Structure formats: structure tokens, C-alpha cells
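Quick look at coords.txt (compact mmCIF, C-alpha atoms):
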# COMPACT_ATOMS: atom_id res chain seq x y z
CA MET A 1 89.49 49.61 160.44
CA ASN A 2 91.88 50.83 163.14
CA GLU A 3 94.56 53.46 162.60
CA ILE A 4 97.43 50.99 162.27
CA ALA A 5 95.49 49.00 159.68
CA ARG A 6 94.78 52.18 157.70
CA HIS A 7 98.45 53.11 157.68
CA ILE A 8 99.45 49.64 156.48
CA GLU A 9 96.87 49.69 153.69
CA THR A 10 98.02 53.14 152.54
CA ILE A 11 101.67 52.09 152.36
CA ARG A 12 100.90 48.81 150.60
CA HIS A 13 99.10 50.68 147.84
CA GLU A 14 102.35 52.53 147.14
CA LEU A 15 104.53 49.44 146.89
CA PRO A 16 105.23 47.92 143.49
CA GLY A 17 104.94 44.20 142.94
CA GLY A 18 107.91 42.38 144.42
CA THR A 19 108.46 44.91 147.22
CA ARG A 20 107.55 43.78 150.73
CA LEU A 21 106.74 45.82 153.80
CA VAL A 22 108.74 45.19 156.97
CA ALA A 23 106.76 46.70 159.84
CA VAL A 24 109.42 48.02 162.20
CA SER A 25 107.91 47.23 165.57
CA LYS A 26 110.82 47.91 167.93
CA PHE A 27 109.82 49.69 171.13
CA HIS A 28 106.11 49.10 170.42
CA PRO A 29 104.03 46.70 172.53
CA ALA A 30 102.83 43.31 171.36
CA GLU A 31 99.27 44.65 171.33
CA ALA A 32 100.19 47.11 168.56
CA LEU A 33 101.83 44.31 166.59
CA MET A 34 98.65 42.26 166.89
CA GLU A 35 96.65 45.12 165.38
CA ALA A 36 99.03 45.06 162.42
CA TYR A 37 98.86 41.26 162.28
CA GLU A 38 95.07 41.37 162.18
CA ALA A 39 95.38 43.77 159.24
CA GLY A 40 97.32 41.10 157.38
CA GLN A 41 100.89 42.17 158.16
CA ARG A 42 103.20 39.21 158.64
CA ILE A 43 106.74 40.63 158.44
CA PHE A 44 108.01 42.48 161.51
CA GLY A 45 111.44 44.03 162.06
CA GLU A 46 113.14 44.25 165.46
CA SER A 47 116.54 45.56 166.50
CA ARG A 48 116.94 44.34 170.07
CA VAL A 49 117.42 40.65 170.72
CA GLN A 50 115.66 40.46 174.08
CA GLU A 51 112.63 42.33 172.78
CA LEU A 52 112.52 40.20 169.64
CA VAL A 53 112.59 36.95 171.60
CA ALA A 54 109.76 38.11 173.87
CA LYS A 55 107.59 39.17 170.94
CA HIS A 56 108.32 35.95 169.07
CA GLU A 57 106.92 34.07 172.04
CA ALA A 58 103.85 36.33 172.28
CA LEU A 59 102.76 36.53 168.65
CA PRO A 60 101.35 33.88 166.28
CA ALA A 61 103.71 31.30 164.83
CA ASP A 62 103.31 32.43 161.21
CA VAL A 63 104.97 35.82 161.80
CA GLU A 64 108.16 36.29 159.76
CA TRP A 65 110.73 37.94 162.01
CA HIS A 66 113.49 40.11 160.56
CA PHE A 67 116.41 41.41 162.62
CA ILE A 68 117.34 44.90 161.42
CA GLY A 69 119.66 46.35 164.09
CA HIS A 70 123.28 45.96 165.08
CA LEU A 71 123.68 42.32 166.14
CA GLN A 72 126.25 41.40 168.77
CA THR A 73 127.93 38.05 168.22
CA ASN A 74 127.16 36.84 171.76
CA LYS A 75 123.43 37.23 171.13
CA VAL A 76 123.19 35.46 167.78
CA LYS A 77 122.29 32.13 169.43
CA TYR A 78 119.04 33.51 170.83
CA ILE A 79 117.50 34.40 167.46
CA VAL A 80 118.99 31.90 165.02
CA PRO A 81 116.45 29.15 165.84
CA PHE A 82 113.55 31.19 164.41
CA ILE A 83 114.76 34.26 162.54
CA SER A 84 113.66 34.59 158.90
CA LEU A 85 116.14 37.21 157.72
CA ILE A 86 119.05 39.09 159.30
CA HIS A 87 119.41 42.42 157.49
CA SER A 88 122.47 43.70 159.30
CA VAL A 89 125.50 41.46 158.76
CA ASP A 90 128.29 44.02 159.04
CA SER A 91 131.39 41.81 159.33
CA GLU A 92 132.73 38.42 158.36
CA LYS A 93 133.10 37.64 162.06
CA LEU A 94 129.34 38.03 162.56
CA LEU A 95 128.58 35.93 159.49
CA ALA A 96 130.80 33.15 160.82
CA VAL A 97 129.02 33.15 164.17
CA ILE A 98 125.61 33.04 162.50
CA ASP A 99 126.83 30.11 160.40
CA SER A 100 128.08 28.26 163.47
CA GLU A 101 124.90 28.78 165.47
CA ALA A 102 122.71 27.89 162.49
CA ALA A 103 124.62 24.64 162.07
CA LYS A 104 123.76 23.71 165.66
CA CYS A 105 120.06 24.22 164.83
CA GLY A 106 120.21 22.45 161.48
CA ARG A 107 119.11 25.64 159.71
CA VAL A 108 120.27 27.79 156.82
CA VAL A 109 119.75 31.43 157.80
CA ASP A 110 119.11 34.09 155.19
CA CYS A 111 121.30 37.18 155.59
CA LEU A 112 121.89 40.57 153.99
CA LEU A 113 125.22 42.39 154.00
CA GLU A 114 124.92 45.83 155.56
CA ILE A 115 126.58 48.50 153.43
CA HIS A 116 127.60 51.90 154.79
CA VAL A 117 126.67 54.53 152.20
CA ALA A 118 125.45 57.30 154.53
CA GLN A 119 127.50 60.29 155.64
CA GLU A 120 126.95 59.68 159.35
CA GLU A 121 129.87 57.96 161.04
CA SER A 122 127.54 56.15 163.43
CA LYS A 123 126.24 53.77 160.78
CA TYR A 124 127.59 50.21 160.79
CA GLY A 125 128.44 48.13 157.76
CA PHE A 126 130.92 47.32 155.04
CA THR A 127 132.00 50.12 152.76
CA PRO A 128 131.34 49.30 149.11
CA ASP A 129 135.07 48.78 148.55
CA SER A 130 135.58 46.59 151.62
CA CYS A 131 132.56 44.50 150.60
CA ARG A 132 133.96 43.99 147.10
CA GLU A 133 137.36 43.04 148.47
CA TRP A 134 135.95 40.65 151.04
CA LEU A 135 133.79 38.82 148.50
CA ARG A 136 136.68 38.69 146.04
CA THR A 137 139.10 37.11 148.52
CA ASN A 138 136.80 35.06 150.76
CA PRO A 139 134.56 32.50 149.06
CA THR A 140 131.21 32.65 150.83
CA GLY A 141 130.58 29.02 149.97
CA LYS A 142 132.58 28.00 153.04
CA TYR A 143 129.58 29.08 155.14
CA SER A 144 127.10 26.32 154.46
CA HIS A 145 124.49 27.43 156.99
CA VAL A 146 123.99 31.01 155.82
CA ARG A 147 122.62 32.23 152.53
CA LEU A 148 123.57 35.68 151.26
CA CYS A 149 120.36 37.13 149.86
CA GLY A 150 121.35 40.72 149.09
CA LEU A 151 122.22 44.04 150.65
CA MET A 152 120.85 46.44 153.26
CA GLY A 153 121.68 50.09 153.76
CA MET A 154 120.53 53.36 155.27
CA ALA A 155 120.78 56.74 153.60
CA SER A 156 121.89 59.83 155.48
CA PHE A 157 119.23 61.36 157.71
CA THR A 158 118.93 64.65 155.89
CA ASP A 159 116.38 66.85 154.12
CA ASP A 160 118.65 66.86 151.06
CA GLU A 161 116.70 64.51 148.79
CA ALA A 162 119.40 64.63 146.12
CA GLN A 163 121.93 63.22 148.57
CA VAL A 164 119.56 60.47 149.72
CA ASP A 165 118.79 59.65 146.10
CA ARG A 166 122.52 59.36 145.30
CA GLU A 167 123.13 57.08 148.25
CA PHE A 168 120.28 54.74 147.34
CA GLY A 169 121.56 54.78 143.77
CA GLN A 170 125.03 53.82 144.98
CA LEU A 171 123.59 50.90 146.94
CA LYS A 172 121.55 49.70 143.94
CA SER A 173 124.60 49.91 141.68
CA LEU A 174 126.64 47.81 144.13
CA PHE A 175 123.81 45.29 144.37
CA ASP A 176 123.67 44.91 140.58
CA GLU A 177 127.46 44.68 140.35
CA LEU A 178 127.72 41.96 142.99
CA LYS A 179 124.78 39.98 141.63
CA ASN A 180 126.54 39.77 138.28
CA SER A 181 130.06 39.29 139.66
CA GLY A 182 130.05 35.52 139.98
CA GLU A 183 131.11 35.90 143.62
CA VAL A 184 127.63 35.42 145.09
CA ASP A 185 124.83 32.99 144.29
CA ALA A 186 122.88 35.16 141.87
CA ALA A 187 119.73 33.06 142.24
CA ALA A 188 119.64 33.74 146.00
CA PHE A 189 120.94 37.32 145.82
CA THR A 190 117.59 39.04 145.25
CA GLU A 191 116.89 41.39 148.17
CA LEU A 192 117.69 45.08 148.49
CA SER A 193 116.59 46.40 151.88
CA MET A 194 116.48 50.19 151.89
CA GLY A 195 113.99 52.89 152.73
CA MET A 196 112.35 53.90 156.00
CA SER A 197 109.35 56.06 156.92
CA HIS A 198 110.96 59.34 155.84
CA ASP A 199 112.64 58.18 152.63
CA TYR A 200 111.08 54.94 151.35
CA ARG A 201 109.57 56.60 148.27
CA LEU A 202 113.08 57.52 147.14
CA ALA A 203 114.24 53.97 147.85
CA LEU A 204 111.45 52.57 145.70
CA ARG A 205 112.82 54.51 142.72
CA HIS A 206 115.99 52.45 143.02
CA GLY A 207 114.36 49.05 143.26
CA SER A 208 114.08 48.42 146.98
CA THR A 209 112.54 45.00 147.64
CA LEU A 210 112.16 45.49 151.41
CA VAL A 211 111.10 48.78 152.99
CA ARG A 212 111.52 49.07 156.76
CA ILE A 213 108.72 51.29 158.05
CA GLY A 214 107.88 51.92 161.68
CA THR A 215 106.80 55.47 162.54
CA SER A 216 104.41 55.74 159.58
CA ILE A 217 102.62 52.62 160.85
CA PHE A 218 102.84 52.67 164.63
CA GLY A 219 103.52 56.35 165.35
CA GLU A 220 106.42 57.61 167.41
CA ARG A 221 108.31 55.03 169.41
CA VAL A 222 107.34 54.29 172.98
CA TYR A 223 110.51 54.08 175.10

I need this file expressed as C-alpha cells, please.
Amino acid sequence: MNEIARHIETIRHELPGGTRLVAVSKFHPAEALMEAYEAGQRIFGESRVQELVAKHEALPADVEWHFIGHLQTNKVKYIVPFISLIHSVDSEKLLAVIDSEAAKCGRVVDCLLEIHVAQEESKYGFTPDSCREWLRTNPTGKYSHVRLCGLMGMASFTDDEAQVDREFGQLKSLFDELKNSGEVDAAAFTELSMGMSHDYRLALRHGSTLVRIGTSIFGERVY
């Protein structure tokens, strides 16, 4: 068993039933992804459109590709034909473009709303209040080619575990609130994407269904 396969097996043993591992493969070569694939990993997360498209062409057809980074509206068309899940919908404008491009492909694209709960100003996403207000005043049913499947968020990058724990708790509370609000399709609204290499164990305490782990699988990024 190679090192990547050992890392994947170790992480999987920690995940409760219903939680899936997204192997964050950005900046790593296709050869490293194939090692993970051969270890049984099928979900890979990328954050750059050009890199994602190249890897989609290089890897087997049964890979489930997730887009996890900031997505520019002018690049949506390149990934909509094959993407399995977009984690990072941070505005209604982006959702509308995804819907339009998906309609051209005859697809319904699964999406998560990105929520800004961290302290860093650099993070994208709706605030909890702006997300509530948007869903309250804008029926999502008008977008027939996207499906809102849940929320994504990142905690502050800090050694203060109590702060990280609070932020994940805030995201989980918003998820539960929205799921029961009548303003989303509760049957589809099932995913909570939170937790990365340095904090995924805290995210698991709050019911994360998708953990996005890169460094703990592939090592430090290769730029």
C-alpha cells in the first residue's frame, strides 16, 4: 500500500457513516490522483477551472468531481457539463449563471451555498443573515436546472479550537434552520460541507457530511 492509500484508509476509519471524503487534489499532479483512485477514492475536489478540466480529461470517467473554490461566472460553462457538485455558490448571480449553463446542457447541477462564518475577511460567501433574507425573498424554485443540496463553510484558520468549534456550530445551526424553514427542498437539502485537514475532527462533531481534505492525503501542495 502506498503512502497516499494509507492516508486515505486512516481518514476513512475516522468518518462516521454518511460522511464522505472529498480528496482535495488541487495543485497535485494527475499521477497522485491516480494513486488515490487506485485506493478506492472517487470524489476529488478542485478549485481552479483550467486544472479541473485537464484532470477530468485525464482521469477515469467514474470520478465524481467537486468544485470547491471561488467560481467566476465566465468560467461556469467549462465545468457544468460534468461537475457533480459545486460547493461554493456565493451569490445569486453565480447561481443564475450555473442554472443558465446547465439548461444548455440539459442537466440539473447540485450546488451548496457558501456561508461566511470565519473571522477572516478574505473568505467568500453569504453571511447567515444575508442567506436567510435571500431565501426568504427569492424563491429558489425559479432555477429549474440547479438543486440546492446544503451549505459549505470554512472556519477561521486559528489554533483556537473553541472558536473553530463555535463557527462550525453556527454553520450547523443555520443548516438545520434552513432545512426546516420551508424555503428549500428539505429532501434535497442534505449536505453540510465543512472541515479540512487541520480541523475536520471538529467539523465531524457538528455533523459534517463532506470533509475536504488535501494535505493529510497528498502532502503539501506542489505549486

**Message:** So, with only C-alpha atoms as the atoms that count, which of A:Val146, A:Asn138, A:Tyr124, A:Phe189 lies closest to A:Glu101?
**Reply:**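 Closest to A:Glu101, using only C-alpha atoms: A:Val146.
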
Pick out the residues sitting within 9 Å of A:Phe82, and hand them over as a CSV table (one decimal) with C-alpha atoms, in the coordinates of the input; count all atoms listed in the file, and ignore anything fewer than 5 positions along from it in its own chain.
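That gives us out-v8.csv:
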chain,number,residue,atom,x,y,z
A,56,HIS,CA,108.3,36.0,169.1
A,64,GLU,CA,108.2,36.3,159.8
A,65,TRP,CA,110.7,37.9,162.0

How close does each residue of stretch 50-157 of chain A get to stretch 22-26 of chain A, giving the shortest atom pair and distance in Å to one decimal for every residue with an atom at most 9 Å away, counting all atoms listed in the file, sorted by chain and residue number, as a tab-separated table?
residue	atom	partner	partner_atom	distance
A:Glu51	CA	A:Lys26	CA	7.6
A:Leu52	CA	A:Lys26	CA	8.1
A:His66	CA	A:Val22	CA	7.8
A:Ile68	CA	A:Val24	CA	8.5

**Asked** Given the choices A:Pro128, A:Pro16, A:Gly207, A:Gly150, which gets closest to A:Gln170 if the distance is worked out from only C-alpha atoms?
**Response**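 Result for the nearest residue to A:Gln170: A:Pro128.
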
**Request:** Could you tell me how far atom CA of A:Arg6 lies from atom CA of A:Gly219, in Å and to one decimal?
**Result:**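 Pair atom CA of A:Arg6 / atom CA of A:Gly219 returns 12.3 Å.
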
**Request:** Pick out the residues sitting within 8 Å of stretch 28-36 of chain A, and hand them over as a ChimeraX atom specification; count only C-alpha atoms, and ignore anything fewer than 4 positions along from it in its own chain.
**Result:** /A:2,4-5,8,40-41,55,58-59,218,221-222

**Request:** Grab the atom CA of A:Ser144 to atom CA of A:Asp110 distance for me, in Å with one decimal place.
**Result:**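 Result for atom CA of A:Ser144 versus atom CA of A:Asp110: 11.2 Å, one decimal.
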
**Request:** Mind giving me the straight-line distance from atom CA of A:Lys75 to atom CA of A:Leu178 in Å, one decimal?
**Result:** 28.9 Å

**Message:** For a quick check of your reading of the model, name the residues lying within 10 Å of the coordinate (127.5, 54.7, 154.6), counting all atoms listed in the file, and write them as a VMD selection string.
**Reply:** chain A and resid 114 to 128 153 to 156 167 170 to 171

Just-selected residues, C-alpha atoms written as a JSON list (two decimals), in the frame of the given file:
[["chain", "number", "residue", "atom", "x", "y", "z"],
["A", 114, "GLU", "CA", 124.92, 45.83, 155.56],
["A", 115, "ILE", "CA", 126.58, 48.50, 153.43],
["A", 116, "HIS", "CA", 127.60, 51.90, 154.79],
["A", 117, "VAL", "CA", 126.67, 54.53, 152.20],
["A", 118, "ALA", "CA", 125.45, 57.30, 154.53],
["A", 119, "GLN", "CA", 127.50, 60.29, 155.64],
["A", 120, "GLU", "CA", 126.95, 59.68, 159.35],
["A", 121, "GLU", "CA", 129.87, 57.96, 161.04],
["A", 122, "SER", "CA", 127.54, 56.15, 163.43],
["A", 123, "LYS", "CA", 126.24, 53.77, 160.78],
["A", 124, "TYR", "CA", 127.59, 50.21, 160.79],
["A", 125, "GLY", "CA", 128.44, 48.13, 157.76],
["A", 126, "PHE", "CA", 130.92, 47.32, 155.04],
["A", 127, "THR", "CA", 132.00, 50.12, 152.76],
["A", 128, "PRO", "CA", 131.34, 49.30, 149.11],
["A", 153, "GLY", "CA", 121.68, 50.09, 153.76],
["A", 154, "MET", "CA", 120.53, 53.36, 155.27],
["A", 155, "ALA", "CA", 120.78, 56.74, 153.60],
["A", 156, "SER", "CA", 121.89, 59.83, 155.48],
["A", 167, "GLU", "CA", 123.13, 57.08, 148.25],
["A", 170, "GLN", "CA", 125.03, 53.82, 144.98],
["A", 171, "LEU", "CA", 123.59, 50.90, 146.94]]

**Complete:** Judged by all atoms listed in the file, the minimum distance to A:Arg147 among A:Arg132, A:Ala186, A:Glu38, A:Asp62 is found for A:Ala186

**Message:** Excluding A:Leu21 and its own-chain neighbours fewer than 2 positions away, which residues fall within 8 Å of it when counting only C-alpha atoms? Please give them as a ChimeraX atom specification.
**Reply:** /A:12,19,23,43,210-213

**Complete:** Restricting to all atoms listed in the file, whichever of A:Met196, A:Val53, A:Leu204, A:Cys131 is closest to A:Phe175 is A:Cys131

Since the input is missing atoms for stretch 38-54 of chain A, could you rebuild it with N, CA, C and O atoms and give the result as a compact mmCIF listing (two decimals), keeping the file's coordinate frame?
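Output saved as selection_8.txt:
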# COMPACT_ATOMS: atom_id res chain seq x y z
N GLU A 38 96.48 41.56 162.55
CA GLU A 38 95.07 41.37 162.18
C GLU A 38 94.71 42.10 160.90
O GLU A 38 93.72 41.77 160.24
N ALA A 39 95.56 43.07 160.52
CA ALA A 39 95.38 43.77 159.24
C ALA A 39 96.09 43.05 158.10
O ALA A 39 96.13 43.55 156.98
N GLY A 40 96.68 41.91 158.40
CA GLY A 40 97.32 41.10 157.38
C GLY A 40 98.83 41.21 157.31
O GLY A 40 99.46 40.55 156.48
N GLN A 41 99.43 42.03 158.17
CA GLN A 41 100.89 42.17 158.16
C GLN A 41 101.53 40.94 158.79
O GLN A 41 101.12 40.51 159.87
N ARG A 42 102.54 40.41 158.12
CA ARG A 42 103.20 39.21 158.64
C ARG A 42 104.70 39.39 158.84
O ARG A 42 105.32 38.55 159.50
N ILE A 43 105.30 40.43 158.29
CA ILE A 43 106.74 40.63 158.44
C ILE A 43 106.97 41.77 159.43
O ILE A 43 106.49 42.89 159.22
N PHE A 44 107.71 41.48 160.50
CA PHE A 44 108.01 42.48 161.51
C PHE A 44 109.52 42.57 161.72
O PHE A 44 110.22 41.55 161.72
N GLY A 45 110.02 43.80 161.89
CA GLY A 45 111.44 44.03 162.06
C GLY A 45 111.75 44.52 163.46
O GLY A 45 111.13 45.47 163.95
N GLU A 46 112.71 43.89 164.11
CA GLU A 46 113.14 44.25 165.46
C GLU A 46 114.64 44.46 165.48
O GLU A 46 115.38 43.88 164.67
N SER A 47 115.11 45.26 166.44
CA SER A 47 116.54 45.56 166.50
C SER A 47 117.18 45.26 167.86
O SER A 47 118.36 45.52 168.03
N ARG A 48 116.40 44.73 168.77
CA ARG A 48 116.94 44.34 170.07
C ARG A 48 116.59 42.87 170.33
O ARG A 48 115.42 42.49 170.27
N VAL A 49 117.60 42.09 170.63
CA VAL A 49 117.42 40.65 170.72
C VAL A 49 116.41 40.27 171.80
O VAL A 49 115.51 39.45 171.57
N GLN A 50 116.55 40.83 172.99
CA GLN A 50 115.66 40.46 174.08
C GLN A 50 114.20 40.78 173.75
O GLN A 50 113.29 39.98 174.00
N GLU A 51 113.99 41.93 173.16
CA GLU A 51 112.63 42.33 172.78
C GLU A 51 112.09 41.43 171.68
O GLU A 51 110.91 41.03 171.71
N LEU A 52 112.93 41.08 170.73
CA LEU A 52 112.52 40.20 169.64
C LEU A 52 112.11 38.83 170.17
O LEU A 52 111.06 38.29 169.78
N VAL A 53 112.89 38.27 171.06
CA VAL A 53 112.59 36.95 171.60
C VAL A 53 111.25 36.97 172.34
O VAL A 53 110.42 36.07 172.18
N ALA A 54 111.01 38.01 173.12
CA ALA A 54 109.76 38.11 173.87
C ALA A 54 108.56 38.22 172.94
O ALA A 54 107.52 37.59 173.16
